[in-house]
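work_33.pdb, holding PDB, C-alpha atoms:
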```pdb
ATOM      1  CA  MET D  20      15.865  -3.261  12.115
ATOM      2  CA  LYS D  21      14.872   0.062  10.586
ATOM      3  CA  LYS D  22      11.349   0.191   9.254
ATOM      4  CA  MET D  23      10.138   2.605   6.597
ATOM      5  CA  GLY D  24       6.522   3.040   5.675
ATOM      6  CA  ALA D  25       3.472   5.219   5.496
ATOM      7  CA  LEU D  26       0.026   4.623   6.928
ATOM      8  CA  VAL D  27      -3.028   6.658   5.924
ATOM      9  CA  LYS D  28      -6.410   6.374   7.631
ATOM     10  CA  LEU D  29      -9.372   6.868   5.285
ATOM     11  CA  GLU D  30     -12.744   7.330   6.958
ATOM     12  CA  ILE D  31     -15.833   7.056   4.774
ATOM     13  CA  GLU D  32     -19.118   8.301   6.240
ATOM     14  CA  ASN D  33     -22.596   7.882   4.773
ATOM     15  CA  ARG D  34     -24.289  11.237   5.335
ATOM     16  CA  SER D  35     -27.266  10.403   3.163
ATOM     17  CA  GLY D  36     -30.565   9.285   4.587
ATOM     18  CA  ALA D  37     -30.351   5.824   2.998
ATOM     19  CA  GLU D  38     -28.168   2.737   3.008
ATOM     20  CA  ARG D  39     -25.555   2.771   0.231
ATOM     21  CA  ASP D  40     -23.450   0.306  -1.667
ATOM     22  CA  VAL D  41     -19.996   1.887  -1.685
ATOM     23  CA  GLU D  42     -17.104   1.061  -3.996
ATOM     24  CA  ILE D  43     -13.692   2.566  -3.297
ATOM     25  CA  LYS D  44     -11.006   2.418  -5.990
ATOM     26  CA  LEU D  45      -7.391   3.243  -5.221
ATOM     27  CA  GLY D  46      -4.842   3.502  -8.008
ATOM     28  CA  TYR D  47      -1.254   2.644  -7.136
ATOM     29  CA  ALA D  48       1.929   3.878  -8.759
ATOM     30  CA  GLY D  49       5.173   2.511  -7.405
ATOM     31  CA  SER D  50       8.806   3.091  -8.072
ATOM     32  CA  VAL D  51      11.493   1.971  -5.706
ATOM     33  CA  THR D  52      15.276   2.087  -5.838
ATOM     34  CA  LYS D  53      18.299   2.123  -3.597
ATOM     35  CA  ALA D  54      21.232   4.411  -4.309
ATOM     36  CA  VAL D  55      24.157   2.134  -5.149
ATOM     37  CA  ARG D  56      26.706   4.940  -5.295
ATOM     38  CA  THR D  57      27.189   8.270  -3.581
ATOM     39  CA  TRP D  58      24.176  10.464  -4.176
ATOM     40  CA  ASN D  59      25.204  14.083  -4.641
ATOM     41  CA  ASP D  60      22.871  15.111  -7.438
ATOM     42  CA  ALA D  61      19.874  17.419  -7.156
ATOM     43  CA  PHE D  62      17.618  14.613  -8.417
ATOM     44  CA  PRO D  63      16.984  11.438  -6.430
ATOM     45  CA  PRO D  64      18.023   8.058  -7.798
ATOM     46  CA  LEU D  65      15.282   6.503  -9.930
ATOM     47  CA  GLU D  66      14.438   3.165 -11.508
ATOM     48  CA  ARG D  67      11.504   3.372 -13.897
ATOM     49  CA  ASP D  68      11.373  -0.323 -14.721
ATOM     50  CA  ASN D  69      10.342  -1.979 -11.437
ATOM     51  CA  LYS D  70       8.922  -5.478 -11.570
ATOM     52  CA  VAL D  71       5.308  -5.471 -10.297
ATOM     53  CA  GLU D  72       3.734  -8.552  -8.722
ATOM     54  CA  ILE D  73       0.398  -9.167  -7.051
ATOM     55  CA  ASP D  74       0.589 -10.581  -3.529
ATOM     56  CA  ARG D  75      -2.803 -12.315  -3.368
ATOM     57  CA  SER D  76      -2.517 -13.272   0.320
ATOM     58  CA  ARG D  77      -2.276  -9.561   1.231
ATOM     59  CA  MET D  78      -4.169  -8.252  -1.821
ATOM     60  CA  ALA D  79      -1.231  -5.867  -2.224
ATOM     61  CA  LEU D  80       1.243  -4.921  -4.939
ATOM     62  CA  LEU D  81       4.936  -5.751  -4.583
ATOM     63  CA  TYR D  82       7.374  -3.586  -6.533
ATOM     64  CA  SER D  83      10.938  -4.889  -6.983
ATOM     65  CA  ALA D  84      13.828  -2.778  -8.245
ATOM     66  CA  LEU D  85      15.694  -4.501 -11.070
ATOM     67  CA  HIS D  86      19.004  -2.671 -10.659
ATOM     68  CA  SER D  87      19.311  -2.425  -6.871
ATOM     69  CA  LYS D  88      18.165  -4.206  -3.735
ATOM     70  CA  ALA D  89      14.901  -2.389  -2.969
ATOM     71  CA  PHE D  90      11.271  -3.423  -2.540
ATOM     72  CA  GLN D  91       7.982  -1.611  -1.997
ATOM     73  CA  MET D  92       4.540  -2.919  -1.031
ATOM     74  CA  GLN D  93       1.238  -1.036  -1.278
ATOM     75  CA  GLY D  94      -2.148  -2.223  -0.092
ATOM     76  CA  ILE D  95      -5.143  -1.588   2.126
ATOM     77  CA  PHE D  96      -6.595  -3.088   5.264
ATOM     78  CA  PRO D  97      -9.171  -4.579   5.560
ATOM     79  CA  LEU D  98      -8.126  -6.506   2.458
ATOM     80  CA  ALA D  99      -9.257  -5.354  -0.975
ATOM     81  CA  ASP D 100     -11.961  -7.271  -2.820
ATOM     82  CA  GLU D 101     -10.197  -6.958  -6.182
ATOM     83  CA  ILE D 102      -6.647  -6.221  -7.265
ATOM     84  CA  ASN D 103      -4.747  -5.728 -10.497
ATOM     85  CA  LYS D 104      -1.371  -4.177 -11.313
ATOM     86  CA  ASN D 105      -2.941  -0.701 -11.272
ATOM     87  CA  GLY D 106      -4.611  -0.789  -7.855
ATOM     88  CA  VAL D 107      -7.471  -2.160  -5.777
ATOM     89  CA  LYS D 108     -11.232  -2.046  -5.242
ATOM     90  CA  LYS D 109     -13.084  -2.384  -1.944
ATOM     91  CA  ARG D 110     -16.874  -2.738  -1.726
ATOM     92  CA  PHE D 111     -19.105  -2.532   1.333
ATOM     93  CA  LEU D 112     -22.626  -1.696   2.430
ATOM     94  CA  LEU D 113     -22.858   1.443   4.545
ATOM     95  CA  ALA D 114     -25.992   2.246   6.542
ATOM     96  CA  SER D 115     -27.138   5.834   6.852
ATOM     97  CA  GLY D 116     -24.942   7.631   9.386
ATOM     98  CA  ASP D 117     -22.382   4.798   9.594
ATOM     99  CA  LYS D 118     -18.642   5.085   9.006
ATOM    100  CA  LYS D 119     -16.088   2.682   7.562
ATOM    101  CA  ILE D 120     -12.332   2.953   8.041
ATOM    102  CA  ILE D 121      -9.816   1.752   5.478
ATOM    103  CA  TYR D 122      -6.060   1.983   5.988
ATOM    104  CA  TYR D 123      -3.664   2.540   3.076
ATOM    105  CA  ILE D 124      -0.233   1.010   3.705
ATOM    106  CA  ASN D 125       3.016   1.710   1.817
ATOM    107  CA  VAL D 126       6.249   0.065   3.003
ATOM    108  CA  VAL D 127       9.803  -0.014   1.599
ATOM    109  CA  ASP D 128      12.763  -2.202   2.537
ATOM    110  CA  GLU D 129      15.827  -3.854   1.050
ATOM    111  CA  SER D 130      14.580  -7.321   2.090
ATOM    112  CA  VAL D 131      11.308  -8.892   0.929
ATOM    113  CA  ASP D 132      10.954 -10.807   4.222
ATOM    114  CA  ASN D 133      11.407  -7.652   6.317
ATOM    115  CA  LEU D 134       9.075  -5.762   3.988
ATOM    116  CA  GLN D 135       6.318  -8.355   4.388
ATOM    117  CA  ASN D 136       6.809  -8.527   8.167
ATOM    118  CA  THR D 137       6.584  -4.737   8.479
ATOM    119  CA  TYR D 138       3.536  -4.625   6.211
ATOM    120  CA  ASP D 139       1.790  -7.309   8.288
ATOM    121  CA  GLU D 140       2.716  -5.574  11.543
ATOM    122  CA  ILE D 141       1.243  -2.293  10.314
ATOM    123  CA  ALA D 142      -1.911  -3.944   8.947
ATOM    124  CA  GLY D 143      -2.485  -5.794  12.208
ATOM    125  CA  ASN D 144      -1.937  -2.731  14.398
ATOM    126  CA  ALA D 145      -3.074   0.170  12.223
ATOM    127  CA  GLU D 146      -5.369   1.804  14.788
ATOM    128  CA  LYS D 147      -2.651   1.669  17.469
ATOM    129  CA  ILE D 148      -0.031   3.083  15.113
ATOM    130  CA  ILE D 149      -2.232   5.977  13.945
TER     131      ILE D 149
END
```
In C-alpha cells, how does this file's structure come out?
Amino acid sequence: MKKMGALVKLEIENRSGAERDVEIKLGYAGSVTKAVRTWNDAFPPLERDNKVEIDRSRMALLYSALHSKAFQMQGIFPLADEINKNGVKKRFLLASGDKKIIYYINVVDESVDNLQNTYDEIAGNAEKII
C-alpha cells in the first residue's frame, strides 16, 4: 500500500520569564482530486467543491472529492481542543523555559479506510517518523 502524507513538527518555546497560557490556531484549506483521465496539461487537475466533514474522534478535517475517488485528512497531534470547518485551536499552559511540540498531519488516499489508518499511524509515531 502506497502512503502519501506530510508531517510537520511545530515546537513552541516560552522564552519569557513567566508562565503563559498559549493558544495556537491553525487554519486549514483542503482540495483533493484524482486525475480520471490522462493528465498532459500544464495545470494540475482540480476540484474546488470538496465535501468537508469533521472527524471528531481525531479532531481532524476530512475532505472528499465529489467527482473522483480521493480523500484528504488534516489535523494535529496531540488532539486539538476545538475544531470547525476552517481549522483547529489548541490551548496549553507553558512554564517559563518549557517547550511544547505539536505535529501537523496531512494525508491523502483514494480509500477512506487507508487514509484513516495512515493518519493514525503517523499520529501515533510522529516523533519516530520525523
Correct to one decimal, the distance CA of Ala79 in chain D-CA of Gly94 in chain D is 4.3 Å
Given all atoms listed in the file as the counted atoms, nearest of D:Val131, D:Val126, D:Leu80, D:Leu26 to Glu146 in chain D: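 Looking at the shortest contact to Glu146 in chain D, the residue is D:Leu26.
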Show me the residues close to (-13.4, 5.4, 5.1) - anything with an atom within 8 Å, counting all atoms listed in the file - and format the list as an mmCIF file with C-alpha atoms, keeping the file's coordinate frame.
```cif
data_model
loop_
_atom_site.group_PDB
_atom_site.id
_atom_site.type_symbol
_atom_site.label_atom_id
_atom_site.label_comp_id
_atom_site.auth_asym_id
_atom_site.auth_seq_id
_atom_site.Cartn_x
_atom_site.Cartn_y
_atom_site.Cartn_z
ATOM 1 C CA LYS D 28 -6.410 6.374 7.631
ATOM 2 C CA LEU D 29 -9.372 6.868 5.285
ATOM 3 C CA GLU D 30 -12.744 7.330 6.958
ATOM 4 C CA ILE D 31 -15.833 7.056 4.774
ATOM 5 C CA GLU D 32 -19.118 8.301 6.240
ATOM 6 C CA LYS D 118 -18.642 5.085 9.006
ATOM 7 C CA LYS D 119 -16.088 2.682 7.562
ATOM 8 C CA ILE D 120 -12.332 2.953 8.041
ATOM 9 C CA ILE D 121 -9.816 1.752 5.478
#
```
Taking 6 positions as the minimum chain separation for residues in the same chain, which residues sit within 8 Å of Leu85 in chain D when counting all atoms listed in the file? Answer as a ChimeraX atom specification. /D:66,68-70
Write out as a list of chain:residue names each polymer residue whose atoms come within 6 Å of Val127 in chain D, counting all atoms listed in the file; drop sequence neighbours fewer than 6 positions from it.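 So, after excluding close chain neighbours, the residues are D:Met23, D:Phe90, D:Gln91.
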Determine the axis-aligned bounding box of all atoms of range 64-77 of chain D present in the file, pad each side by 4 Å, and express its centre and edge lengths in Å to one decimal place as JSON.
```
{"center_x": 7.6, "center_y": -2.6, "center_z": -6.7, "size_x": 28.8, "size_y": 29.3, "size_z": 24.0}
```
Which is closest to Val107 in chain D among D:Lys44, D:Arg75, D:Arg67, D:Lys22, if we use all atoms listed in the file?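 Of all the options, D:Lys44 lies closest to Val107 in chain D.
Separating CA of Gly116 in chain D from CA of Pro97 in chain D is a distance of 20.3 Å.
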For CA of Asn136 in chain D and CA of Arg110 in chain D, quote the distance in Å rounded to one decimal.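 Rounded to one decimal, the two atoms are 26.3 Å apart.
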As a PyMOL selection string, please: the residues near Ile73 in chain D (cut-off 12 Å, all atoms listed in the file, same-chain neighbours under 6 positions excluded). chain D and resi 47+79-83+91-94+101-107
Out of D:Leu134, D:Gly36, D:Ser50, D:Ile43, which residue has the shortest atom-to-atom distance to Lys109 in chain D when counting all atoms listed in the file?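 The closest residue to Lys109 in chain D is D:Ile43.
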Shell of 12 Å around Asp40 in chain D, all atoms listed in the file, local chain residues under 5 positions omitted, as a PDB file with C-alpha atoms, keeping the file's coordinate frame:
```pdb
ATOM      1  CA  ASN D  33     -22.596   7.882   4.773  1.00  0.00           C
ATOM      2  CA  SER D  35     -27.266  10.403   3.163  1.00  0.00           C
ATOM      3  CA  LYS D 109     -13.084  -2.384  -1.944  1.00  0.00           C
ATOM      4  CA  ARG D 110     -16.874  -2.738  -1.726  1.00  0.00           C
ATOM      5  CA  PHE D 111     -19.105  -2.532   1.333  1.00  0.00           C
ATOM      6  CA  LEU D 112     -22.626  -1.696   2.430  1.00  0.00           C
ATOM      7  CA  LEU D 113     -22.858   1.443   4.545  1.00  0.00           C
ATOM      8  CA  ALA D 114     -25.992   2.246   6.542  1.00  0.00           C
ATOM      9  CA  SER D 115     -27.138   5.834   6.852  1.00  0.00           C
TER      10      SER D 115
END
```
Between D:Glu129, D:Arg77, D:Leu98, D:Lys21, which has the minimum distance to Thr52 in chain D (counting only C-alpha atoms)? D:Glu129
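Counting all atoms listed in the file and comparing D:Ala37, D:Ala84, D:Val27, D:Ala99, the residue that lies closest to Ser130 in chain D is D:Ala84.
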Measuring atom to atom with all atoms listed in the file, identify which of D:Asn133, D:Ser76, D:Ser87, D:Asn144 is nearest to Val51 in chain D.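 Distance minimum relative to Val51 in chain D lands on D:Ser87.
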